[in-house]
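K.L.:
What follows is a structure written as structure tokens; I'll ask about it next.
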Amino acid sequence: MTTKTKQLNRIDLIFKHEDDCKEILKKSFDRSSEEVINEMVNSGLKGRGGAGFPTGLKWKLTAESEEKTKYVICNADEGEPGTFKDREILTRVPHKVLAGMAMCAKIIGAKEGYIYLRGEYKYLVPQLREEIEKFHQIMAELNLDFVVDIFMGSGAYICGEESALFESMEGKRGEPRNKPPYPTECGYLDKPTVINNVETLAHSYTIMKYGAKKFRELGVKDSWGSKVFSVSGDTPIPGIYELELGMSVQDFVDDFGDGDTKAVQVGGASGFLVPRKRFAKSNIGYQGKLRGVSLPTGGSMMIFNSSRSMYNVLDNYLDFFQEESCGQCTPCRVGCQQLLKGIKAVKRGEKPAVYLDKLLKLTDTMRLTAKCGLGQSVANSFSSIVENFREEMIY
Amino acid sequence: MNDQAEFVKDLVAAHGTERESLLPILQAVIEKDRFLSEDAILKIAQETKIPAADVYGTASFYSFLDIVPRGKYVIRVCKTITCAMKGKNQILLALEDFLKIKPGETTPDKLFTILETNCLGWCHKAPAMLVNDEVYTELTPNKVIDILSSYKVKVDMV
């Protein structure tokens with residue numbers, strides 16, 4: 001039996017019902033670009049899609065480009081297993097996301113914006129279109145030449161990777177590009193592009209309304225602010241929760257676990273599996289000065305209790321990656337296949353247990369040589385599962 | 001000019017011939033026919049002047065741009081970890097049992113296709129599935145049968 005020592009603070013910033021986008025935007029437009037950028041930089045807001053790039057810096061770099069044509073793109077290709085927070089944000093507070101896009105457009109000088117919406121969320125389109133119409137009216141009233149359109153995805157996880165997303169919008173296979181150059185310099189149609197996650201844009205509205213200082217009252221150093229988490233799996237209270245960054249996994253489990261938690265997958269299939277013995281020492285946030293291991297995340301938290309087989313979990317992830325790999329680079333395309341084949345072979349006794357070490361070495365190679373984050377991240381869950389639950393891979 | 005060719009011609013007229021228009025065009029054909037036939041691909045290539053190999057190459061990348069025939073209603077059951085934990089196998093069995101086909105197959109009356117797909121973003125209400133563009137969550141074998149029956153009724157009513 002577990003006794004809850006404390007409950008994690010529930011924050012109410014993102015989903016708060018606020019109908020003042022026009023006023024907040026006017027306030028933002030009346031300030032100089034420099035002021036707004038400084039506010040964003042000072043807030044310490046980092047990308048909420050999982051990669052955690054400083055948002056203010058991204059806007060600043062794109063604003064500095066002398067190119068005439070620029071774009072603002074909202075990455076709504078949410079596809080990381082266990083993540084469903086962007087869908088909620090787009091359903092409940094789409095006007096905040098659009099406001100964030102407008103703020104950015106004004107600063108960088110973009111006239112066109114897009115919401116790249118995953119095909120699996122097509123049922124959101126009617127309501128989004130209505131919202132966009134209202135938004136365009138506000139743009140007209142505020143005299144900003146900025147229009148937003150929806151671009152639909154068609155069932156490809158990799159299109160959530162920013163450069164693959166651009167390729168997809170350009171009518172091609174969603175195959176990531178080499179970086180550099182980065183989107184701030186060369187993005188959609190090779191033009192400077194700010195591409196931000198849905199939640200990041202919604203947070204931009206919050207920062208503009210309440211100021212960077214209020215945002216920094218939450219969270220911890222290098223991981224300021226609040227974040228929306230998607231909680232699922234063996235939990236009595238699955239759902240969406242806005243919480244402060246910087247909590248330990250132990251605190252999280254105390255609040256959301258079912259009393260029998262064996263492990264938590266932080267950050268989806270491309271994140272880390274944290275075993276019970278590491279709960280207290282692992283914190284949720286971005287790389288920085290957090291004690292113990294700091295785990296960046298797009299917010300996906302999947303809880304596994306003692307009834308679950310970690311072999312089954314890893315098999316599921318590898319099957320996912322093998323299927324979703326774009327296929328262009330050998331380390332990922334062949335690596336994912338070999339990892340999946342490998343764990344099945346060890347399980348069936350066709351390969352000895354030490355083969356797992358060869359596979360771990362393979363993931364090291366993938367981390368170094370894969371062209372994009374997908375191939376590079378497979379190592380995260382593979383190594384954290386195999387190293388902590390080795391016996392379950394064999395017997 | 002047959003219906004399909006006319007349809008594609010109108011699409012290209014509406015969207016344009018730029019490469020950036022390709023995905024919306026492919027998606028519109030899918031919405032109507034549920035798959036991209038060789039004819040459709042060739043017609044799109046012809047109208048846009050994009051090489052047929054590129055049109056096919058792009059289409060074949062995306063799991064929702066089917067290049068093999070599908071039924072009128074394409075069922076996509078989520079197989080990612082949380083849905084797997086919450087009973088997607090029972091859901092698949094219920095579908096297979098009701099429709100008498102296996103994943104990947106289409107019913108002889110060309111109404112339903114069963115496919116598996118990856119995380120649909122409804123993990124807190126797993127298991128989940130799509131039927132074309134509609135999502136259904138918190139599924140149970142009984143619910144699934146009700147859902148399919150309602151689609152069958154729709155067809156009978158036409």
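Please note that chains go A, B, ... in the order of the structure tokens, that every chain numbers its residues from 1, and that ligands are numbered from 1 in the order shown.
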Could you pull out all residues of chain B with a DSSP call of strand (DSSP E) and give them as a count of residues only?

P.N.:
18

K.L.:
Within 9 Å of chain B, which residues of chain A are there when counting only C-alpha atoms? Please give them as an mmCIF file with N, CA and C atoms, in the first residue's frame.

P.N.:
data_model
loop_
_atom_site.group_PDB
_atom_site.id
_atom_site.type_symbol
_atom_site.label_atom_id
_atom_site.label_comp_id
_atom_site.auth_asym_id
_atom_site.auth_seq_id
_atom_site.Cartn_x
_atom_site.Cartn_y
_atom_site.Cartn_z
ATOM 1 N N GLU A 78 1.843 15.141 -33.927
ATOM 2 C CA GLU A 78 2.021 14.367 -32.696
ATOM 3 C C GLU A 78 1.895 12.875 -32.976
ATOM 4 N N GLY A 79 2.972 12.133 -32.714
ATOM 5 C CA GLY A 79 2.895 10.717 -33.033
ATOM 6 C C GLY A 79 3.689 9.846 -32.086
ATOM 7 N N GLU A 80 4.429 10.474 -31.158
ATOM 8 C CA GLU A 80 5.229 9.692 -30.226
ATOM 9 C C GLU A 80 4.293 8.835 -29.381
ATOM 10 N N PRO A 81 4.538 7.524 -29.309
ATOM 11 C CA PRO A 81 3.679 6.666 -28.507
ATOM 12 C C PRO A 81 3.463 7.227 -27.107
ATOM 13 N N GLY A 82 2.208 7.285 -26.709
ATOM 14 C CA GLY A 82 1.896 7.779 -25.378
ATOM 15 C C GLY A 82 1.668 9.267 -25.298
ATOM 16 N N THR A 83 1.763 9.956 -26.437
ATOM 17 C CA THR A 83 1.567 11.410 -26.433
ATOM 18 C C THR A 83 0.225 11.754 -27.040
ATOM 19 N N PHE A 84 -0.566 12.520 -26.332
ATOM 20 C CA PHE A 84 -1.853 12.938 -26.886
ATOM 21 C C PHE A 84 -2.212 14.352 -26.419
ATOM 22 N N LYS A 85 -1.226 15.055 -25.901
ATOM 23 C CA LYS A 85 -1.514 16.380 -25.337
ATOM 24 C C LYS A 85 -1.776 17.439 -26.404
ATOM 25 N N ASP A 86 -1.105 17.326 -27.559
ATOM 26 C CA ASP A 86 -1.319 18.335 -28.598
ATOM 27 C C ASP A 86 -2.736 18.262 -29.148
ATOM 28 N N ARG A 87 -3.265 17.057 -29.209
ATOM 29 C CA ARG A 87 -4.646 16.910 -29.691
ATOM 30 C C ARG A 87 -5.586 17.671 -28.762
ATOM 31 N N GLY A 119 -2.534 13.047 -40.196
ATOM 32 C CA GLY A 119 -3.733 12.495 -40.840
ATOM 33 C C GLY A 119 -4.679 11.839 -39.844
ATOM 34 N N GLU A 120 -4.111 11.269 -38.784
ATOM 35 C CA GLU A 120 -4.927 10.580 -37.790
ATOM 36 C C GLU A 120 -5.825 11.534 -36.999
ATOM 37 N N TYR A 121 -5.587 12.859 -37.141
ATOM 38 C CA TYR A 121 -6.391 13.851 -36.430
ATOM 39 C C TYR A 121 -7.310 14.624 -37.384
ATOM 40 N N LYS A 122 -7.647 14.018 -38.503
ATOM 41 C CA LYS A 122 -8.435 14.730 -39.509
ATOM 42 C C LYS A 122 -9.775 15.216 -38.954
ATOM 43 N N TYR A 123 -10.306 14.487 -37.956
ATOM 44 C CA TYR A 123 -11.599 14.892 -37.398
ATOM 45 C C TYR A 123 -11.538 16.238 -36.669
ATOM 46 N N PHE A 151 -2.152 21.926 -43.337
ATOM 47 C CA PHE A 151 -1.590 20.941 -44.254
ATOM 48 C C PHE A 151 -1.719 19.588 -43.583
ATOM 49 N N MET A 152 -2.382 18.649 -44.261
ATOM 50 C CA MET A 152 -2.621 17.343 -43.650
ATOM 51 C C MET A 152 -1.486 16.372 -43.890
ATOM 52 N N GLY A 153 -1.132 15.633 -42.841
ATOM 53 C CA GLY A 153 -0.199 14.518 -42.994
ATOM 54 C C GLY A 153 -0.983 13.305 -43.466
ATOM 55 N N SER A 154 -0.284 12.190 -43.707
ATOM 56 C CA SER A 154 -0.947 10.977 -44.189
ATOM 57 C C SER A 154 -0.401 9.718 -43.541
ATOM 58 N N GLY A 155 -0.197 9.779 -42.238
ATOM 59 C CA GLY A 155 0.178 8.554 -41.542
ATOM 60 C C GLY A 155 1.655 8.223 -41.599
ATOM 61 N N ALA A 156 2.501 9.148 -41.118
ATOM 62 C CA ALA A 156 3.939 8.881 -41.078
ATOM 63 C C ALA A 156 4.544 9.569 -39.858
ATOM 64 N N TYR A 157 4.929 8.767 -38.872
ATOM 65 C CA TYR A 157 5.501 9.296 -37.623
ATOM 66 C C TYR A 157 6.707 10.200 -37.882
ATOM 67 N N SER A 168 7.676 16.650 -46.602
ATOM 68 C CA SER A 168 6.301 16.213 -46.802
ATOM 69 C C SER A 168 5.453 17.346 -47.366
ATOM 70 N N MET A 169 5.615 18.543 -46.788
ATOM 71 C CA MET A 169 4.851 19.695 -47.281
ATOM 72 C C MET A 169 5.235 20.033 -48.713
ATOM 73 N N GLU A 170 6.450 19.676 -49.079
ATOM 74 C CA GLU A 170 6.903 19.970 -50.442
ATOM 75 C C GLU A 170 6.508 18.866 -51.414
ATOM 76 N N GLY A 171 5.698 17.919 -50.966
ATOM 77 C CA GLY A 171 5.167 16.900 -51.863
ATOM 78 C C GLY A 171 6.084 15.711 -52.062
ATOM 79 N N LYS A 172 6.993 15.481 -51.120
ATOM 80 C CA LYS A 172 7.940 14.385 -51.285
ATOM 81 C C LYS A 172 7.795 13.367 -50.166
ATOM 82 N N ARG A 173 8.573 12.310 -50.222
ATOM 83 C CA ARG A 173 8.639 11.342 -49.136
ATOM 84 C C ARG A 173 9.183 12.057 -47.905
ATOM 85 N N GLY A 174 8.676 11.707 -46.748
ATOM 86 C CA GLY A 174 9.096 12.377 -45.517
ATOM 87 C C GLY A 174 10.463 11.930 -45.048
ATOM 88 N N SER A 230 1.081 13.691 -20.946
ATOM 89 C CA SER A 230 0.078 12.695 -21.332
ATOM 90 C C SER A 230 0.389 11.443 -20.530
ATOM 91 N N VAL A 231 -0.527 11.055 -19.639
ATOM 92 C CA VAL A 231 -0.278 9.922 -18.752
ATOM 93 C C VAL A 231 -1.165 8.760 -19.145
ATOM 94 N N SER A 232 -0.565 7.584 -19.347
ATOM 95 C CA SER A 232 -1.361 6.419 -19.726
ATOM 96 C C SER A 232 -0.692 5.146 -19.212
ATOM 97 N N GLY A 233 -1.365 4.033 -19.403
ATOM 98 C CA GLY A 233 -0.813 2.750 -18.989
ATOM 99 C C GLY A 233 -1.436 2.290 -17.691
ATOM 100 N N ASP A 234 -0.631 1.706 -16.817
ATOM 101 C CA ASP A 234 -1.147 1.166 -15.558
ATOM 102 C C ASP A 234 -1.261 2.276 -14.520
ATOM 103 N N ILE A 237 -5.518 6.991 -13.085
ATOM 104 C CA ILE A 237 -5.979 8.302 -13.553
ATOM 105 C C ILE A 237 -5.294 8.732 -14.858
ATOM 106 N N PRO A 238 -5.491 7.945 -15.924
ATOM 107 C CA PRO A 238 -4.866 8.338 -17.194
ATOM 108 C C PRO A 238 -5.471 9.648 -17.691
ATOM 109 N N GLY A 239 -4.686 10.419 -18.424
ATOM 110 C CA GLY A 239 -5.232 11.665 -18.969
ATOM 111 C C GLY A 239 -4.162 12.709 -19.168
ATOM 112 N N ILE A 240 -4.620 13.957 -19.322
ATOM 113 C CA ILE A 240 -3.724 15.092 -19.577
ATOM 114 C C ILE A 240 -3.546 15.890 -18.292
ATOM 115 N N MET A 302 4.374 6.758 -19.845
ATOM 116 C CA MET A 302 3.641 5.490 -19.863
ATOM 117 C C MET A 302 4.080 4.665 -18.666
ATOM 118 N N ARG A 308 3.615 -6.465 -16.350
ATOM 119 C CA ARG A 308 4.044 -6.251 -17.737
ATOM 120 C C ARG A 308 5.398 -6.881 -18.024
ATOM 121 N N ASN A 312 8.160 -7.616 -24.062
ATOM 122 C CA ASN A 312 7.022 -7.275 -24.908
ATOM 123 C C ASN A 312 7.024 -5.775 -25.245
ATOM 124 N N VAL A 313 7.354 -4.977 -24.242
ATOM 125 C CA VAL A 313 7.422 -3.522 -24.438
ATOM 126 C C VAL A 313 8.478 -3.165 -25.489
ATOM 127 N N ASN A 316 7.536 -4.163 -28.942
ATOM 128 C CA ASN A 316 6.544 -3.228 -29.471
ATOM 129 C C ASN A 316 7.210 -1.968 -30.013
ATOM 130 N N TYR A 317 8.187 -1.436 -29.245
ATOM 131 C CA TYR A 317 8.883 -0.215 -29.687
ATOM 132 C C TYR A 317 9.674 -0.470 -30.968
ATOM 133 N N PHE A 320 7.612 -0.713 -33.944
ATOM 134 C CA PHE A 320 7.205 0.655 -34.280
ATOM 135 C C PHE A 320 8.294 1.361 -35.086
ATOM 136 N N GLU A 324 8.274 2.708 -38.908
ATOM 137 C CA GLU A 324 8.226 4.152 -39.128
ATOM 138 C C GLU A 324 9.521 4.738 -39.671
ATOM 139 N N CYS A 326 12.188 5.998 -42.041
ATOM 140 C CA CYS A 326 11.967 6.447 -43.417
ATOM 141 C C CYS A 326 12.740 5.565 -44.396
#

K.L.:
Please provide the set of residues having any atom within 12 Å of Gly259 (chain A), restricted to only C-alpha atoms, with same-chain residues fewer than 3 positions apart removed, written as a list in words.

P.N.:
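These residues fall inside the cut-off: Met1, Thr2, Thr3, Lys4, Asp234, Thr235, Pro236, Gln250, Phe252, Val253, Asp254, Asp255, Phe256, Lys262, Ala263, Arg276, Ile303, Phe304, Asn305 and Ser306 of chain A.
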
K.L.:
Measuring between only C-alpha atoms, which one of B:Phe98, B:Tyr56, B:Tyr136, B:Phe7 shows the shortest distance to Ile114 (chain B)?

P.N.:
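Under the stated criterion, the closest residue is B:Phe98.
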
K.L.:
For CA of Glu130 (chain A) and CA of Pro94 (chain A), determine how far apart the two atoms are, in Å to one decimal place.

P.N.:
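That distance, rounded to one decimal, is 10.3 Å.
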
K.L.:
Would you please work out which residue, of A:Cys372, A:Leu45, A:Ala110, A:Ala202, is nearest to Val220 (chain A) when using only C-alpha atoms?

P.N.:
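So, comparing all the options, the nearest one is A:Leu45.
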
K.L.:
List the neighbours of Lys102 (chain B) out to 10 Å using only C-alpha atoms; skip same-chain residues closer than 4 positions along the sequence, and give me the result as a ChimeraX atom specification.

P.N.:
/B:92-93,95-97,106-107,113-115

K.L.:
Expressed in Å to a single decimal, how great is the separation between CA of Phe321 (chain A) and CA of Thr297 (chain A)?

P.N.:
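We find that CA of Phe321 (chain A) and CA of Thr297 (chain A) lie 17.7 Å from each other.
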
K.L.:
I need the residues of region 39-268 of chain A that end up classed as helix (DSSP H, G or I) by DSSP on the backbone, written out as a PyMOL selection string.

P.N.:
chain A and resi 39-43+55-64+85-92+94-108+119-141+157-160+162-169+188-190+198-210+212-216+249-256+268

K.L.:
What's the separation between CA of Ala53 (chain B) and CA of Ile41 (chain B), in Å to one decimal place?

P.N.:
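Separation between CA of Ala53 (chain B) and CA of Ile41 (chain B): 9.1 Å.
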
K.L.:
Write out as a VMD selection string the residues lying within 12 Å of Cys336 (chain A), counting only C-alpha atoms and excluding same-chain residues fewer than 3 positions away.

P.N.:
chain A and resid 314 to 327 329 to 333 339 to 343 359 to 360 362 to 363 365 to 367 370 374 to 379 382

K.L.:
Find the residues around region 66-75 of chain A up to 6 Å (only C-alpha atoms counted), leave out those fewer than 5 positions away in its own chain, and share them as number ranges by chain.

P.N.:
A: 110, 112-116, 191-198

K.L.:
Between A:Arg390, A:His95, A:Lys358, A:Arg10, which is the closest to Ile138 (chain A) once you count only C-alpha atoms?

P.N.:
A:His95

K.L.:
Find the spatial neighbours of Tyr151 (chain B), counting only C-alpha atoms, within a cut-off of 12 Å - ignore same-chain residues fewer than 6 positions away - and output them as a list of chain:residue names.

P.N.:
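Using only C-alpha atoms, the neighbours found are B:Lys72, B:Tyr73, B:Val74, B:Ile75, B:Leu111, B:Phe112, B:Val131, B:Asn132, B:Glu134, B:Val144, B:Ile145, B:Met157, B:Val158.
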